[in-house]
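A.B. asks: What follows is input.pdb; its format and atoms are PDB, C-alpha atoms.
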ATOM      1  CA  MET A 126     -35.668  29.619 -33.647  1.00  0.00           C
ATOM      2  CA  HIS A 127     -33.045  27.052 -32.710  1.00  0.00           C
ATOM      3  CA  ALA A 128     -30.611  27.801 -29.833  1.00  0.00           C
ATOM      4  CA  LEU A 129     -27.569  27.056 -31.985  1.00  0.00           C
ATOM      5  CA  ASN A 130     -28.526  29.385 -34.789  1.00  0.00           C
ATOM      6  CA  LYS A 131     -25.710  29.973 -37.279  1.00  0.00           C
ATOM      7  CA  ASN A 132     -26.371  33.683 -37.123  1.00  0.00           C
ATOM      8  CA  ARG A 133     -25.240  33.799 -33.500  1.00  0.00           C
ATOM      9  CA  PRO A 134     -21.755  32.185 -33.231  1.00  0.00           C
ATOM     10  CA  LEU A 135     -21.078  33.627 -29.763  1.00  0.00           C
ATOM     11  CA  ARG A 136     -24.154  31.866 -28.408  1.00  0.00           C
ATOM     12  CA  ARG A 137     -22.878  28.560 -29.836  1.00  0.00           C
ATOM     13  CA  ILE A 138     -19.489  29.076 -28.182  1.00  0.00           C
ATOM     14  CA  VAL A 139     -21.060  29.860 -24.807  1.00  0.00           C
ATOM     15  CA  LEU A 140     -23.398  26.856 -24.964  1.00  0.00           C
ATOM     16  CA  ALA A 141     -20.605  24.495 -26.058  1.00  0.00           C
ATOM     17  CA  SER A 142     -18.370  25.754 -23.250  1.00  0.00           C
ATOM     18  CA  ALA A 143     -21.151  25.350 -20.689  1.00  0.00           C
ATOM     19  CA  ALA A 144     -21.818  21.797 -21.897  1.00  0.00           C
ATOM     20  CA  THR A 145     -18.107  20.947 -21.666  1.00  0.00           C
ATOM     21  CA  VAL A 146     -17.812  22.345 -18.138  1.00  0.00           C
ATOM     22  CA  SER A 147     -20.968  20.502 -17.055  1.00  0.00           C
ATOM     23  CA  GLY A 148     -19.635  17.253 -18.484  1.00  0.00           C
ATOM     24  CA  MET A 149     -16.306  17.665 -16.695  1.00  0.00           C
ATOM     25  CA  VAL A 150     -18.046  18.388 -13.385  1.00  0.00           C
ATOM     26  CA  LEU A 151     -20.141  15.255 -13.784  1.00  0.00           C
ATOM     27  CA  LEU A 152     -17.093  13.123 -14.628  1.00  0.00           C
ATOM     28  CA  LEU A 153     -15.099  14.423 -11.676  1.00  0.00           C
ATOM     29  CA  SER A 154     -17.985  13.861  -9.291  1.00  0.00           C
ATOM     30  CA  LEU A 155     -18.039  10.162 -10.258  1.00  0.00           C
ATOM     31  CA  LYS A 156     -14.517   9.445  -8.980  1.00  0.00           C
ATOM     32  CA  PRO A 157     -14.333   7.281  -5.842  1.00  0.00           C
ATOM     33  CA  HIS A 158     -13.937   9.248  -2.635  1.00  0.00           C
ATOM     34  CA  THR A 159     -12.252   6.384  -0.770  1.00  0.00           C
ATOM     35  CA  SER A 160      -8.803   5.015  -1.351  1.00  0.00           C
ATOM     36  CA  PRO A 161      -8.674   1.708  -3.217  1.00  0.00           C
ATOM     37  CA  THR A 162      -8.107  -1.348  -1.061  1.00  0.00           C
ATOM     38  CA  LEU A 163      -5.252  -3.672  -1.761  1.00  0.00           C
ATOM     39  CA  ALA A 164      -5.968  -7.287  -2.567  1.00  0.00           C
ATOM     40  CA  THR A 165      -4.247  -9.679  -0.210  1.00  0.00           C
ATOM     41  CA  ALA A 166      -3.341 -13.246  -0.928  1.00  0.00           C
ATOM     42  CA  SER A 167      -4.907 -15.782   1.388  1.00  0.00           C
ATOM     43  CA  THR A 168      -1.789 -17.878   1.734  1.00  0.00           C
ATOM     44  CA  LYS A 169      -0.372 -17.847   5.227  1.00  0.00           C
ATOM     45  CA  SER A 170       2.918 -19.547   5.747  1.00  0.00           C
ATOM     46  CA  PRO A 171       3.844 -19.417   9.431  1.00  0.00           C
ATOM     47  CA  THR A 172       7.067 -21.191  10.222  1.00  0.00           C
ATOM     48  CA  THR A 173       8.778 -21.807  13.512  1.00  0.00           C
ATOM     49  CA  SER A 174      12.539 -22.081  13.440  1.00  0.00           C
ATOM     50  CA  SER A 175      15.853 -21.637  15.225  1.00  0.00           C
ATOM     51  CA  GLY A 176      15.785 -22.600  18.838  1.00  0.00           C
ATOM     52  CA  SER A 177      13.039 -24.114  20.855  1.00  0.00           C
ATOM     53  CA  SER A 178       9.473 -24.352  19.693  1.00  0.00           C
ATOM     54  CA  PRO A 179       7.363 -22.487  22.194  1.00  0.00           C
ATOM     55  CA  THR A 180       4.491 -24.389  23.694  1.00  0.00           C
ATOM     56  CA  PRO A 181       1.025 -22.819  23.671  1.00  0.00           C
ATOM     57  CA  GLY A 182       0.743 -20.341  26.505  1.00  0.00           C
ATOM     58  CA  SER A 183       4.509 -20.011  26.806  1.00  0.00           C
ATOM     59  CA  SER A 184       6.186 -16.789  25.742  1.00  0.00           C
ATOM     60  CA  SER A 185       9.785 -18.044  25.780  1.00  0.00           C
ATOM     61  CA  GLY A 186      11.744 -19.245  22.759  1.00  0.00           C
ATOM     62  CA  THR A 187      12.343 -17.865  19.310  1.00  0.00           C
ATOM     63  CA  LYS A 188       9.654 -17.958  16.683  1.00  0.00           C
ATOM     64  CA  THR A 189       9.943 -16.903  13.040  1.00  0.00           C
ATOM     65  CA  VAL A 190       6.723 -16.246  11.139  1.00  0.00           C
ATOM     66  CA  THR A 191       6.254 -15.187   7.525  1.00  0.00           C
ATOM     67  CA  GLY A 192       3.305 -12.924   6.803  1.00  0.00           C
ATOM     68  CA  ASP A 193       0.884 -12.956   3.887  1.00  0.00           C
ATOM     69  CA  THR A 194       2.046 -11.855   0.474  1.00  0.00           C
ATOM     70  CA  VAL A 195       0.272  -8.571  -0.237  1.00  0.00           C
ATOM     71  CA  GLN A 196      -0.186  -7.577  -3.874  1.00  0.00           C
ATOM     72  CA  THR A 197       0.416  -3.847  -4.336  1.00  0.00           C
ATOM     73  CA  ARG A 198       0.221  -1.732  -7.444  1.00  0.00           C
ATOM     74  CA  TRP A 199       3.945  -2.159  -8.052  1.00  0.00           C
ATOM     75  CA  GLY A 200       4.378  -5.775  -6.955  1.00  0.00           C
ATOM     76  CA  PRO A 201       4.133  -8.182  -4.030  1.00  0.00           C
ATOM     77  CA  VAL A 202       5.311  -7.323  -0.518  1.00  0.00           C
ATOM     78  CA  GLN A 203       5.947  -9.952   2.162  1.00  0.00           C
ATOM     79  CA  VAL A 204       7.728  -9.767   5.514  1.00  0.00           C
ATOM     80  CA  ARG A 205       9.117 -12.277   7.996  1.00  0.00           C
ATOM     81  CA  VAL A 206       9.242 -11.523  11.714  1.00  0.00           C
ATOM     82  CA  THR A 207      11.299 -13.045  14.490  1.00  0.00           C
ATOM     83  CA  ILE A 208       9.843 -13.028  17.970  1.00  0.00           C
ATOM     84  CA  LYS A 209      11.822 -13.884  21.076  1.00  0.00           C
ATOM     85  CA  SER A 210      10.175 -14.079  24.485  1.00  0.00           C
ATOM     86  CA  GLY A 211       7.134 -12.191  23.218  1.00  0.00           C
ATOM     87  CA  THR A 212       9.211  -9.319  21.801  1.00  0.00           C
ATOM     88  CA  LEU A 213       9.575  -8.465  18.128  1.00  0.00           C
ATOM     89  CA  THR A 214      13.328  -8.748  17.533  1.00  0.00           C
ATOM     90  CA  ASP A 215      13.651  -8.724  13.743  1.00  0.00           C
ATOM     91  CA  VAL A 216      11.606  -7.836  10.672  1.00  0.00           C
ATOM     92  CA  THR A 217      12.859  -8.817   7.226  1.00  0.00           C
ATOM     93  CA  ALA A 218      11.290  -8.001   3.866  1.00  0.00           C
ATOM     94  CA  VAL A 219      11.155 -11.326   2.030  1.00  0.00           C
ATOM     95  CA  SER A 220       9.691  -9.976  -1.204  1.00  0.00           C
ATOM     96  CA  TYR A 221       9.176  -6.433  -2.409  1.00  0.00           C
ATOM     97  CA  PRO A 222       9.025  -4.579  -5.731  1.00  0.00           C
ATOM     98  CA  GLN A 223      12.457  -4.489  -7.353  1.00  0.00           C
ATOM     99  CA  ASP A 224      11.760  -4.873 -11.066  1.00  0.00           C
ATOM    100  CA  ASN A 225      13.207  -1.537 -12.142  1.00  0.00           C
ATOM    101  CA  PRO A 226      15.775   0.977 -10.881  1.00  0.00           C
ATOM    102  CA  ARG A 227      13.083   3.274  -9.474  1.00  0.00           C
ATOM    103  CA  ASP A 228      11.610   0.452  -7.346  1.00  0.00           C
ATOM    104  CA  GLN A 229      15.100  -0.389  -6.111  1.00  0.00           C
ATOM    105  CA  GLU A 230      15.785   3.242  -5.231  1.00  0.00           C
ATOM    106  CA  ILE A 231      12.503   3.676  -3.353  1.00  0.00           C
ATOM    107  CA  ASN A 232      12.815   0.432  -1.423  1.00  0.00           C
ATOM    108  CA  SER A 233      16.480   0.999  -0.548  1.00  0.00           C
ATOM    109  CA  TYR A 234      15.439   3.855   1.748  1.00  0.00           C
ATOM    110  CA  ALA A 235      11.865   2.780   2.599  1.00  0.00           C
ATOM    111  CA  LEU A 236      12.447  -0.782   3.852  1.00  0.00           C
ATOM    112  CA  PRO A 237      15.079   0.065   6.497  1.00  0.00           C
ATOM    113  CA  GLN A 238      12.884   2.898   7.748  1.00  0.00           C
ATOM    114  CA  LEU A 239       9.817   0.616   7.933  1.00  0.00           C
ATOM    115  CA  ARG A 240      11.887  -2.003   9.772  1.00  0.00           C
ATOM    116  CA  ARG A 241      13.107   0.530  12.360  1.00  0.00           C
ATOM    117  CA  GLU A 242       9.565   1.786  12.927  1.00  0.00           C
ATOM    118  CA  ALA A 243       8.158  -1.727  13.329  1.00  0.00           C
ATOM    119  CA  LEU A 244      10.832  -2.688  15.855  1.00  0.00           C
ATOM    120  CA  ALA A 245      10.324   0.540  17.790  1.00  0.00           C
ATOM    121  CA  ALA A 246       6.517   0.243  17.793  1.00  0.00           C
ATOM    122  CA  GLN A 247       6.490  -3.538  18.414  1.00  0.00           C
ATOM    123  CA  SER A 248       3.381  -3.624  16.218  1.00  0.00           C
ATOM    124  CA  ALA A 249       2.153  -2.957  12.694  1.00  0.00           C
ATOM    125  CA  GLN A 250       0.975   0.530  13.619  1.00  0.00           C
ATOM    126  CA  ILE A 251       3.731   2.349  11.772  1.00  0.00           C
ATOM    127  CA  ASP A 252       3.855   5.463   9.641  1.00  0.00           C
ATOM    128  CA  THR A 253       3.844   5.436   5.860  1.00  0.00           C
ATOM    129  CA  VAL A 254       7.156   6.340   4.246  1.00  0.00           C
ATOM    130  CA  SER A 255       6.717   9.323   1.958  1.00  0.00           C
ATOM    131  CA  GLY A 256       7.250   8.297  -1.653  1.00  0.00           C
ATOM    132  CA  ALA A 257       6.708   4.610  -0.869  1.00  0.00           C
ATOM    133  CA  THR A 258       3.012   4.579  -0.044  1.00  0.00           C
ATOM    134  CA  TYR A 259       2.129   1.297  -1.741  1.00  0.00           C
ATOM    135  CA  THR A 260       5.154  -0.515  -0.336  1.00  0.00           C
ATOM    136  CA  SER A 261       4.384   0.882   3.135  1.00  0.00           C
ATOM    137  CA  ASP A 262       0.777  -0.290   2.975  1.00  0.00           C
ATOM    138  CA  GLY A 263       1.781  -3.761   1.798  1.00  0.00           C
ATOM    139  CA  TYR A 264       4.538  -3.960   4.423  1.00  0.00           C
ATOM    140  CA  ARG A 265       2.103  -2.964   7.178  1.00  0.00           C
ATOM    141  CA  GLN A 266      -0.510  -5.532   6.066  1.00  0.00           C
ATOM    142  CA  SER A 267       2.010  -8.365   5.760  1.00  0.00           C
ATOM    143  CA  LEU A 268       3.524  -7.425   9.120  1.00  0.00           C
ATOM    144  CA  GLN A 269       0.102  -7.492  10.764  1.00  0.00           C
ATOM    145  CA  SER A 270      -0.658 -10.933   9.310  1.00  0.00           C
ATOM    146  CA  ALA A 271       2.684 -12.266  10.600  1.00  0.00           C
ATOM    147  CA  LEU A 272       2.039 -10.830  14.055  1.00  0.00           C
ATOM    148  CA  ASP A 273      -1.464 -12.322  14.041  1.00  0.00           C
ATOM    149  CA  SER A 274      -0.061 -15.722  13.069  1.00  0.00           C
ATOM    150  CA  ALA A 275       2.503 -15.461  15.855  1.00  0.00           C
ATOM    151  CA  GLY A 276      -0.191 -14.640  18.386  1.00  0.00           C
ATOM    152  CA  LEU A 277       0.963 -11.105  19.200  1.00  0.00           C
TER
END
Could you render the structure as structure tokens?
C.D. replies:
Amino acid sequence: MHALNKNRPLRRIVLASAATVSGMVLLLSLKPHTSPTLATASTKSPTTSSGSSPTPGSSSGTKTVTGDTVQTRWGPVQVRVTIKSGTLTDVTAVSYPQDNPRDQEINSYALPQLRREALAAQSAQIDTVSGATYTSDGYRQSLQSALDSAGL
């Protein structure tokens, strides 16, 4: 006798349901358990400007460095930092997602908050802005690359 006998419709329903649940469990167990990493562009564009060019080993002068462009899910993020006497004095978002009104809305509150945090922390170890996770991650990575290029 076959398990899916037409004389027993309830058995067929139970077996079909069990197979569906088993399939769903298997599919859900295959999802990655780590967050996806963001691809970063390998183009570094450090620039020194405005004021004196600091000599190696000297921490005086003003130095402006642009970090890597980080590709996020919603678009590229890139920051420029200004360092004066070894202190982070300014952080500017050079490029960020702004293709649609929602991107503009998110970044209008996220970028100033990220800037304040970076200036307060004097490093790239800043918190993620809720609702702007991808922009925050890209901002943090670009900021770190700029700080690395500047020697901080």
A.B. asks: Which residues are close to Leu213 in chain A, i.e. within 12 Å by all atoms listed in the file, leaving aside same-chain residues fewer than 3 positions away? Reply as number ranges by chain.
C.D. replies: A: 184, 186-190, 205-210, 216-217, 240-249, 268, 271-272, 275-277
A.B. asks: Suppose you want the space between CA of Asp252 in chain A and CA of Gln238 in chain A; what is it in Å?
C.D. replies: 9.6 Å
A.B. asks: What separation in Å, quoted to one decimal, exists between CA of Gly200 in chain A and CA of Pro237 in chain A?
C.D. replies: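 That distance, rounded to one decimal, is 18.2 Å.
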A.B. asks: Which distance in Å separates CA of Ser142 in chain A and CA of Leu155 in chain A, to one decimal?
C.D. replies: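 CA of Leu155 in chain A lies at a distance of 20.3 Å from CA of Ser142 in chain A.
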A.B. asks: Carefully work through the PyMOL selection byres ((chain A and resi 225-231) around 10) for this structure and note down the residues it includes, as a list of chain:residue names.
C.D. replies: A:Trp199, A:Gly200, A:Tyr221, A:Pro222, A:Gln223, A:Asp224, A:Asn232, A:Ser233, A:Tyr234, A:Ala235, A:Leu236, A:Val254, A:Ser255, A:Gly256, A:Ala257, A:Thr260
A.B. asks: Please provide the set of residues having any atom within 10 Å of Asp262 in chain A, restricted to only C-alpha atoms, with same-chain residues fewer than 3 positions apart removed, written as a list in words.
C.D. replies: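 Counting only the stated atoms, we get Thr162, Leu163, Val195, Thr197, Val202, Ile251, Asp252, Thr253, Val254, Ala257, Thr258, Tyr259, Arg265, Gln266, Ser267 and Leu268 of chain A.
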A.B. asks: For a quick check of understanding, using only C-alpha atoms, which of A:Val219, A:Leu135, A:Leu152, A:Ala144 has the smallest distance to Pro201 in chain A?
C.D. replies: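 Of the candidates, the smallest distance to Pro201 in chain A is held by A:Val219.
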